[in-house]
Amino acid sequence: MLTDVLTVLLAVASAVLVGFVARRLLDTPVGWPRSIVVGLLVFATGLPFASWLVDESGLLPDGQTRDVRVALTVLAVVLLAVAWVFALGVGVLVALEAIVPTRPLPNPIDTVRAAIRRRKRTRRYLAIVGIATRHGAGWLFHGHSHVQHELTTSEQRARALVATINESGVTFVKLGQVLSTRRDLVPEPYLSALASLQSGATTLPWETIRPVIEEALGAPLDTVFASVDPEPLAAASVAQVHRGVLLDGTAVVVKVQRPAARAQVEADVDIIVRLARRAEERTQAGHDLRLESVARGFTSTLLDELDYRIEATNVEMIRSTLEHGSADDGHGHDVTIAVPHVYPAASGARVLTMDLVTGVPLSGAADELATLSTEARQALANGLMMAVLEQILVHGVFHADLHPGNVILTPDGALGLIDFGAVGIIERSQRSYLTALMLAAVSEDDIAATEALLLIVDVPADADLDALRHDVGVVITTERFRPKGSQSIFTRLLDVIRQHHIALPGDLASAFRSFATLEGCLKVLDPGFDMFEQALPMVPKLLRRDQSIRRTVTSVQARAAVGAARLRALPGRLDALLTGVEKGTFSLKLKAFSDEAGQGFVQSIASELVGTLIAIAAVVIALVLIVTDGGPLLTDGLRLFDLFGAFIGFLGFLGLLRVVRQIVIRRRR
């Protein structure tokens, strides 16, 4: 009975010890099931293997000895045999971890939640595939559909795509609307088809909307508003807008997010990113355009638009640009462009309260514009153009969704801006490249225009730069001779960018889009307006504003201060350099490995290389000692060099296991 208990305890100790050593060796968790199995094998084979070696070596011919030297030799053989079996067991665990790493058991609750989310995502994905197939757009997912044989033209496929998006819900409609403005990514006729997407939706009852407002504000409705009209002023797929009056009597509009909007968008965003990743992996166009990155940018923008605190900040930034700008039409006539005030106390993440901008959107203001004089309409067009050009080229903060529906003609003949969910931001260096591009277009310098464009975009390694320069040159050369009402120079440049599979950064794409949509607004205000003739000549004036004397002096001072600091440090660096050369301690340091991470990488590689060489040398020495017939005889079948070789080989084997450990850890990282 006692023997059985001791056997079980030794077996358990062996299993625990093998697992512990493997964990310390790999510096990562090792699964206990495999540790126990290997440990039991080590226990089951260690002592029998040692006994077999003792018998084979002839150390105990009669099964016992009284010689101390022989007893110590037997003990050494047994220890080495058990150590080798133990080391081989650890080696088996290391190999298993390298091939099939142990994965921690997931939390059961997290597993159930993930399964539910996966089920919902799969059902949603299958529903979208079904919608696409029903409308003949199944080729988007699997290259064929039941209706595709009837879709013989790109116009028919574009209509099928729009029908699919309209039925797929809010997220896909919003994404389609964004894509309809990305001429650098989407060709015709898909672009025009996507522009027809409508985000209108049925209105939700006031009983559903009121709790959303009170929850977002954290207060009862009547403590913030004197009244809110239960009937919505407008409704879209994400939000609906109500008229309201603050406690002080100010007329406002209250934009309220639909209760289920964020959950639906977040669920669909994951599907959109997965589809983009698949398209990037399987198509050359998707790879060239880095479609997954583009999709992540789009979906990030969509999620940002669901946080109305971001839109409130956007409103204030646009107001600041207009206050710091020159709101005249270029001929000395002041033009008022109003931006509504945001009321933070009546706003939150899902509710946005702003001034009520009275008037009519330019998209439906034909009758009101007809009552204005030609000079007044020209002044409005020039004033709006100058404001947008200043925002983009001078300030770098601009309204990124400036279509005729977001520009309001007020009753007093001024203009107002609404819907600030999308605001573009361009840093000064990028603005300088964009300005250079426009100046080159004015002077018809195709080489300078192409060079400026190359500073802006991400060009594929296999891009044909000569063909790109030629196409850019054709655009800027023919622009002044094209008939009025044709595509703008910015639209045609976006076509060139798309045709050459060039990725345009999101904010610069927004700037190009704003120029193109601005032209649509200007055409509504003044049908005879020519943006090329009116806007591009104003670029030098704006460039002078951006490069004011004060800013230039400040920039020169900053660069001079940096240069002076470097000059002050130069004598010390030269002295250290010459001293190092004189003493023979001069060394070079590679920039790629100058930081702590780089130095650590080099040190780890060097230590691994040295450790590998030492381990290999130990194994080679062990083999030489074992196969050599020299050395003192301990018995007729065992020499002293055999024991030394087994011990040195054991150390070399452990060294090789440490090398494998480093390889496994690096692969996991």
# chains A, B, ... in the order shown; residues from 1 in each chain; ligands from 1
>>> residues_around(residues="range 127-131 of chain A", least_positions_apart="2", cutoff="9 Å", atoms="only C-alpha atoms", output="ChimeraX atom specification")
/A:122-125,133-138,140-141,163-165,167-168
>>> select_by_dssp(residues="range 360-511 of chain A", states="alpha helix (DSSP H)", output="PyMOL selection string")
chain A and resi 366-370+374-389+428-442+446-456+465-478+489-499+506-511
>>> residues_around(residues="Ala261 in chain A", least_positions_apart="4", cutoff="9 Å", atoms="only C-alpha atoms", output="list in words")
Val170, Thr171, Ser237, Val238, Ala239, Gln257, Val265, Glu266 and Leu306 of chain A
>>> write_last_selection(atoms="C-alpha atoms", output="PDB file, in the first residue's frame")
ATOM      1  CA  VAL A 170     -28.794  52.834 -42.481  1.00  0.00           C
ATOM      2  CA  THR A 171     -25.093  51.938 -42.369  1.00  0.00           C
ATOM      3  CA  SER A 237     -32.194  56.931 -41.034  1.00  0.00           C
ATOM      4  CA  VAL A 238     -29.949  57.917 -38.102  1.00  0.00           C
ATOM      5  CA  ALA A 239     -31.737  60.886 -36.525  1.00  0.00           C
ATOM      6  CA  GLN A 257     -30.397  60.106 -32.624  1.00  0.00           C
ATOM      7  CA  VAL A 265     -24.130  50.822 -37.325  1.00  0.00           C
ATOM      8  CA  GLU A 266     -21.645  49.044 -35.032  1.00  0.00           C
ATOM      9  CA  LEU A 306     -22.976  59.203 -34.088  1.00  0.00           C
TER      10      LEU A 306
END
>>> residues_around(residues="Ile648 in chain A", least_positions_apart="4", cutoff="9 Å", atoms="only C-alpha atoms", output="list of chain:residue names")
A:Ala618, A:Val619, A:Ile621, A:Ala622, A:Leu643, A:Phe644, A:Gly652, A:Phe653
>>> residues_around(residues="range 504-512 of chain A", least_positions_apart="5", cutoff="6 Å", atoms="only C-alpha atoms", output="ChimeraX atom specification")
/A:400,424,457
>>> select_by_dssp(residues="range 226-447 of chain A", states="strand (DSSP E or B)", output="PyMOL selection string")
chain A and resi 226-236+239-246+251-257+328+334+337-338+342+351-355+360-361+397-399+407-409+415-417+423-425
>>> residues_around(residues="range 460-477 of chain A", least_positions_apart="5", cutoff="7 Å", atoms="only C-alpha atoms", output="mmCIF file with N, CA, C and O atoms, in the first residue's frame")
data_model
loop_
_atom_site.group_PDB
_atom_site.id
_atom_site.type_symbol
_atom_site.label_atom_id
_atom_site.label_comp_id
_atom_site.auth_asym_id
_atom_site.auth_seq_id
_atom_site.Cartn_x
_atom_site.Cartn_y
_atom_site.Cartn_z
ATOM 1 N N ALA A 441 -1.675 74.591 -61.838
ATOM 2 C CA ALA A 441 -2.802 74.507 -62.767
ATOM 3 C C ALA A 441 -3.077 75.856 -63.408
ATOM 4 O O ALA A 441 -3.382 75.936 -64.608
ATOM 5 N N GLU A 444 -0.504 76.349 -66.043
ATOM 6 C CA GLU A 444 -0.437 75.231 -66.998
ATOM 7 C C GLU A 444 0.930 74.542 -66.965
ATOM 8 O O GLU A 444 1.439 74.085 -67.983
ATOM 9 N N ASP A 446 2.463 71.434 -66.200
ATOM 10 C CA ASP A 446 2.092 70.044 -65.914
ATOM 11 C C ASP A 446 3.148 69.337 -65.074
ATOM 12 O O ASP A 446 2.822 68.467 -64.260
ATOM 13 N N ILE A 447 4.417 69.683 -65.250
ATOM 14 C CA ILE A 447 5.472 69.035 -64.461
ATOM 15 C C ILE A 447 5.339 69.413 -62.986
ATOM 16 O O ILE A 447 5.359 68.548 -62.104
ATOM 17 N N THR A 450 2.235 67.797 -61.478
ATOM 18 C CA THR A 450 2.421 66.375 -61.178
ATOM 19 C C THR A 450 3.290 66.186 -59.950
ATOM 20 O O THR A 450 3.009 65.336 -59.095
ATOM 21 N N ILE A 489 -12.273 71.015 -62.977
ATOM 22 C CA ILE A 489 -10.904 70.524 -63.018
ATOM 23 C C ILE A 489 -10.632 69.560 -61.865
ATOM 24 O O ILE A 489 -9.896 68.579 -62.017
ATOM 25 N N ARG A 492 -12.083 66.136 -62.725
ATOM 26 C CA ARG A 492 -11.271 65.447 -63.733
ATOM 27 C C ARG A 492 -9.947 64.967 -63.132
ATOM 28 O O ARG A 492 -9.438 63.904 -63.502
ATOM 29 N N LEU A 493 -9.379 65.728 -62.204
ATOM 30 C CA LEU A 493 -8.159 65.266 -61.528
ATOM 31 C C LEU A 493 -8.438 64.024 -60.678
ATOM 32 O O LEU A 493 -7.610 63.108 -60.610
ATOM 33 N N VAL A 496 -8.369 61.100 -62.933
ATOM 34 C CA VAL A 496 -6.992 60.700 -63.245
ATOM 35 C C VAL A 496 -6.401 59.891 -62.089
ATOM 36 O O VAL A 496 -5.754 58.846 -62.299
ATOM 37 N N ILE A 502 -4.263 55.258 -57.690
ATOM 38 C CA ILE A 502 -3.505 55.982 -56.674
ATOM 39 C C ILE A 502 -4.419 56.228 -55.475
ATOM 40 O O ILE A 502 -5.570 56.634 -55.638
#
>>> atom_distance(atom1="CA of Leu380 in chain A", atom2="CA of Leu434 in chain A")
24.9 Å
>>> atom_distance(atom1="CA of Ala617 in chain A", atom2="CA of Arg658 in chain A")
14.8 Å
